[in-house]
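Below is one structure, written out as structure tokens; comments come after it.
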Amino acid sequence: MSPFNPRVRSERLSGQIAIALYRIAQAIQIMVRRAGQVYGLSPAQVQALLFLAYARPGVRTIGGLAQRLQATLATTSEVVDALERKALIAREPWPEDHRVIGVRLTAAGRRRVTDLEHLLDDLEAAIAELPETDQQSLHRALQRIVRRMATAGHVVVYEMCWGCAFFRPNVHPENPAAPHHCAFMDAPLPDADTYTECPDFTPREEVPT
Ligand code: SF4
């Protein structure tokens with residue numbers, strides 16, 4: 001019954017799609033590796049730099065990075081050590097909790113992110129060649145598959161606030177520095193943070209109103 005068996009998957013569209021997604025995942029792994037090799041970075045180091053560029057400020061910690069890399073704290077610390085030696089990131093204290101170690105990009109790290117963040121361009125170009133209606137159908141179908149994978153614990157979805165069930169926009173008009181609110185953390189949100197990626201994102205449609 002395995003879709004890896006060509007004879008089996010020739011009889012099953014879901015198997016053909018599963019193998020197509022497997023090949024795309026392989027292609028992405030290769031694209032990440034090649035982009036990193038140009039700058040002497042491992043795939044985990046590339047992922048760490050992109051994470052620090054776009055993750056919600058509250059998760060830019062060693063623990064947050066470990067969750068993103070799906071790695072242990074020890075392995076994540078090695079990634080952080082290597083990037084620190086390259087002067088691309090820096091550890092920093094976490095004022096709210098002295099046991100937590102924050103991590104931030106340096107100016108050189110931000111420049112390296114600019115070098116790296118085009119690594120999916122070939123994939124996006126292939127998608128952009130599809131008719132608009134196909135792109136919309138593909139997007140809807142992939143979102144459902146990703147949510148199913150997330151529910152099964154195979155992936156953590158990082159998204160920005162604007163589609164999140166916990167997001168309360170513009171409920172603090174008296175506070176221009178943080179006019180929005182996150183009901184998950186029960187904390188005000190600066191506007192800029194609502195456009196960062198959050199591991200606690202929960203799609204609105206998954207929470208009954
Ligand atoms: S839980 Fe939702 S609203 Fe709160 S920061 Fe994360 S994405 Fe934004």
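For the structure tokens, the naming scheme is as follows: chains receive sequential letters (A, B, ...) according to their order of presentation, residues are indexed from 1 within each chain, and ligands are indexed from 1 in presentation order.
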Sort by chain and increasing residue number a table of all residues of chain A within 6 Å of ligand 1, each with its closest pair of atoms and their distance in Å to one decimal, counting only C-alpha atoms and all ligand atoms, and write it as a tab-separated table.
residue	atom	partner	partner_atom_place_in_ligand_line	distance
A:Met160	CA	ligand 1	7 (S)	5.0
A:Cys161	CA	ligand 1	8 (Fe)	3.7
A:Cys164	CA	ligand 1	2 (Fe)	4.7
A:Phe166	CA	ligand 1	3 (S)	4.5
A:Phe167	CA	ligand 1	3 (S)	3.8
A:Cys182	CA	ligand 1	4 (Fe)	4.2
A:Phe184	CA	ligand 1	1 (S)	5.1
A:Thr194	CA	ligand 1	8 (Fe)	5.9
A:Cys198	CA	ligand 1	6 (Fe)	4.6
A:Asp200	CA	ligand 1	1 (S)	4.5
A:Phe201	CA	ligand 1	7 (S)	3.9
Next, write the just-selected residues to a file, as an mmCIF file, in the first residue's frame, keeping C-alpha atoms as the atom set.
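What follows is the written file again35.cif:
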data_model
loop_
_atom_site.group_PDB
_atom_site.id
_atom_site.type_symbol
_atom_site.label_atom_id
_atom_site.label_comp_id
_atom_site.auth_asym_id
_atom_site.auth_seq_id
_atom_site.Cartn_x
_atom_site.Cartn_y
_atom_site.Cartn_z
ATOM 1 C CA MET A 160 1.363 36.103 11.532
ATOM 2 C CA CYS A 161 -1.435 37.447 13.722
ATOM 3 C CA CYS A 164 -5.256 34.108 14.182
ATOM 4 C CA PHE A 166 -6.449 35.008 19.376
ATOM 5 C CA PHE A 167 -5.852 38.312 17.579
ATOM 6 C CA CYS A 182 -3.076 38.814 21.829
ATOM 7 C CA PHE A 184 -3.362 33.827 23.928
ATOM 8 C CA THR A 194 1.620 41.352 14.142
ATOM 9 C CA CYS A 198 4.247 32.981 15.690
ATOM 10 C CA ASP A 200 1.044 29.796 18.696
ATOM 11 C CA PHE A 201 -0.903 30.902 15.628
#
**Item:** Expected answer as an MDAnalysis selection string: helix (DSSP H, G or I) residues in segment 9-48 of chain A
**Value:** chainID A and resid 9 13:38 43:48
Please save N, CA and C atoms of the selected residues as a short mmCIF file (atom, residue, chain, number, x, y, z; two decimals), in the first residue's frame.
data_model
loop_
_atom_site.label_atom_id
_atom_site.label_comp_id
_atom_site.auth_asym_id
_atom_site.auth_seq_id
_atom_site.Cartn_x
_atom_site.Cartn_y
_atom_site.Cartn_z
N ARG A 9 1.19 3.55 -6.52
CA ARG A 9 0.72 4.94 -6.60
C ARG A 9 0.10 5.26 -7.96
N LEU A 13 -4.48 8.50 -6.78
CA LEU A 13 -4.09 9.90 -6.95
C LEU A 13 -3.47 10.46 -5.67
N SER A 14 -4.02 10.07 -4.51
CA SER A 14 -3.46 10.59 -3.24
C SER A 14 -2.01 10.16 -3.08
N GLY A 15 -1.69 8.95 -3.53
CA GLY A 15 -0.31 8.47 -3.46
C GLY A 15 0.60 9.25 -4.40
N GLN A 16 0.11 9.56 -5.59
CA GLN A 16 0.91 10.34 -6.54
C GLN A 16 1.19 11.74 -5.98
N ILE A 17 0.18 12.33 -5.32
CA ILE A 17 0.38 13.66 -4.75
C ILE A 17 1.34 13.59 -3.57
N ALA A 18 1.20 12.55 -2.75
CA ALA A 18 2.11 12.41 -1.59
C ALA A 18 3.56 12.33 -2.07
N ILE A 19 3.80 11.57 -3.14
CA ILE A 19 5.18 11.45 -3.65
C ILE A 19 5.63 12.77 -4.28
N ALA A 20 4.72 13.49 -4.94
CA ALA A 20 5.09 14.79 -5.50
C ALA A 20 5.52 15.75 -4.38
N LEU A 21 4.78 15.73 -3.27
CA LEU A 21 5.14 16.59 -2.13
C LEU A 21 6.46 16.14 -1.52
N TYR A 22 6.69 14.84 -1.51
CA TYR A 22 7.97 14.31 -1.00
C TYR A 22 9.13 14.83 -1.85
N ARG A 23 8.92 14.84 -3.15
CA ARG A 23 9.98 15.34 -4.05
C ARG A 23 10.20 16.84 -3.88
N ILE A 24 9.12 17.57 -3.68
CA ILE A 24 9.26 19.02 -3.43
C ILE A 24 10.02 19.24 -2.13
N ALA A 25 9.71 18.43 -1.10
CA ALA A 25 10.44 18.56 0.17
C ALA A 25 11.92 18.27 -0.05
N GLN A 26 12.23 17.27 -0.87
CA GLN A 26 13.65 16.98 -1.18
C GLN A 26 14.29 18.16 -1.90
N ALA A 27 13.55 18.74 -2.85
CA ALA A 27 14.08 19.88 -3.60
C ALA A 27 14.38 21.05 -2.67
N ILE A 28 13.47 21.29 -1.73
CA ILE A 28 13.68 22.41 -0.79
C ILE A 28 14.90 22.14 0.08
N GLN A 29 15.05 20.90 0.53
CA GLN A 29 16.25 20.56 1.33
C GLN A 29 17.53 20.88 0.55
N ILE A 30 17.53 20.53 -0.73
CA ILE A 30 18.71 20.77 -1.57
C ILE A 30 18.91 22.27 -1.77
N MET A 31 17.80 23.01 -1.98
CA MET A 31 17.92 24.47 -2.17
C MET A 31 18.47 25.14 -0.93
N VAL A 32 18.02 24.70 0.25
CA VAL A 32 18.52 25.26 1.51
C VAL A 32 20.01 24.95 1.65
N ARG A 33 20.37 23.68 1.36
CA ARG A 33 21.77 23.28 1.53
C ARG A 33 22.69 24.07 0.59
N ARG A 34 22.26 24.20 -0.68
CA ARG A 34 23.10 24.91 -1.65
C ARG A 34 23.23 26.40 -1.29
N ALA A 35 22.11 27.00 -0.85
CA ALA A 35 22.17 28.42 -0.48
C ALA A 35 23.14 28.61 0.68
N GLY A 36 23.11 27.68 1.64
CA GLY A 36 24.01 27.78 2.78
C GLY A 36 25.46 27.57 2.40
N GLN A 37 25.70 26.61 1.51
CA GLN A 37 27.08 26.30 1.13
C GLN A 37 27.81 27.52 0.58
N VAL A 38 27.09 28.36 -0.13
CA VAL A 38 27.70 29.56 -0.72
C VAL A 38 28.35 30.41 0.38
N PRO A 43 22.48 23.72 6.79
CA PRO A 43 21.04 23.96 6.67
C PRO A 43 20.41 24.45 7.98
N ALA A 44 20.84 23.91 9.11
CA ALA A 44 20.28 24.36 10.39
C ALA A 44 20.64 25.82 10.66
N GLN A 45 21.85 26.21 10.28
CA GLN A 45 22.26 27.61 10.49
C GLN A 45 21.44 28.55 9.58
N VAL A 46 21.16 28.11 8.35
CA VAL A 46 20.32 28.91 7.45
C VAL A 46 18.93 29.09 8.07
N GLN A 47 18.36 27.98 8.55
CA GLN A 47 17.02 28.05 9.16
C GLN A 47 17.02 28.95 10.39
N ALA A 48 18.10 28.89 11.17
CA ALA A 48 18.18 29.71 12.38
C ALA A 48 18.19 31.20 12.02
#
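Of the residues under consideration (A:His118, A:Arg204, A:Pro57, A:Val171), A:Val171 shows the shortest atom-to-atom contact distance to Pro188 of chain A when counting only C-alpha atoms.
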**Asked** Excluding same-chain residues fewer than 6 positions from Thr106 of chain A, what lies within 8 Å of it counting only C-alpha atoms, as JSON, numbers by chain?
**Response** {"A": [87, 88, 89, 90]}
Take the selection from the previous step and output its residues with N, CA and C atoms, as a compact mmCIF listing (two decimals), in the first residue's frame.
# COMPACT_ATOMS: atom_id res chain seq x y z
N ALA A 87 29.91 35.77 13.92
CA ALA A 87 29.46 37.14 14.22
C ALA A 87 28.14 37.48 13.51
N LEU A 88 27.31 36.44 13.27
CA LEU A 88 26.02 36.67 12.60
C LEU A 88 24.88 36.82 13.60
N ILE A 89 25.05 36.28 14.80
CA ILE A 89 24.03 36.42 15.83
C ILE A 89 24.72 36.69 17.17
N ALA A 90 23.92 37.11 18.16
CA ALA A 90 24.46 37.34 19.51
C ALA A 90 23.45 36.87 20.53
**Polymer residues at most 12 Å from Leu65 of chain A, only C-alpha atoms, same-chain spacing of 6 or more positions, as a PyMOL selection string** = chain A and resi 44-59+71-80+100-104+156+198-199
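Here atom CA of Gln70 of chain A is placed at a distance of 8.7 Å from atom CA of Val155 of chain A.
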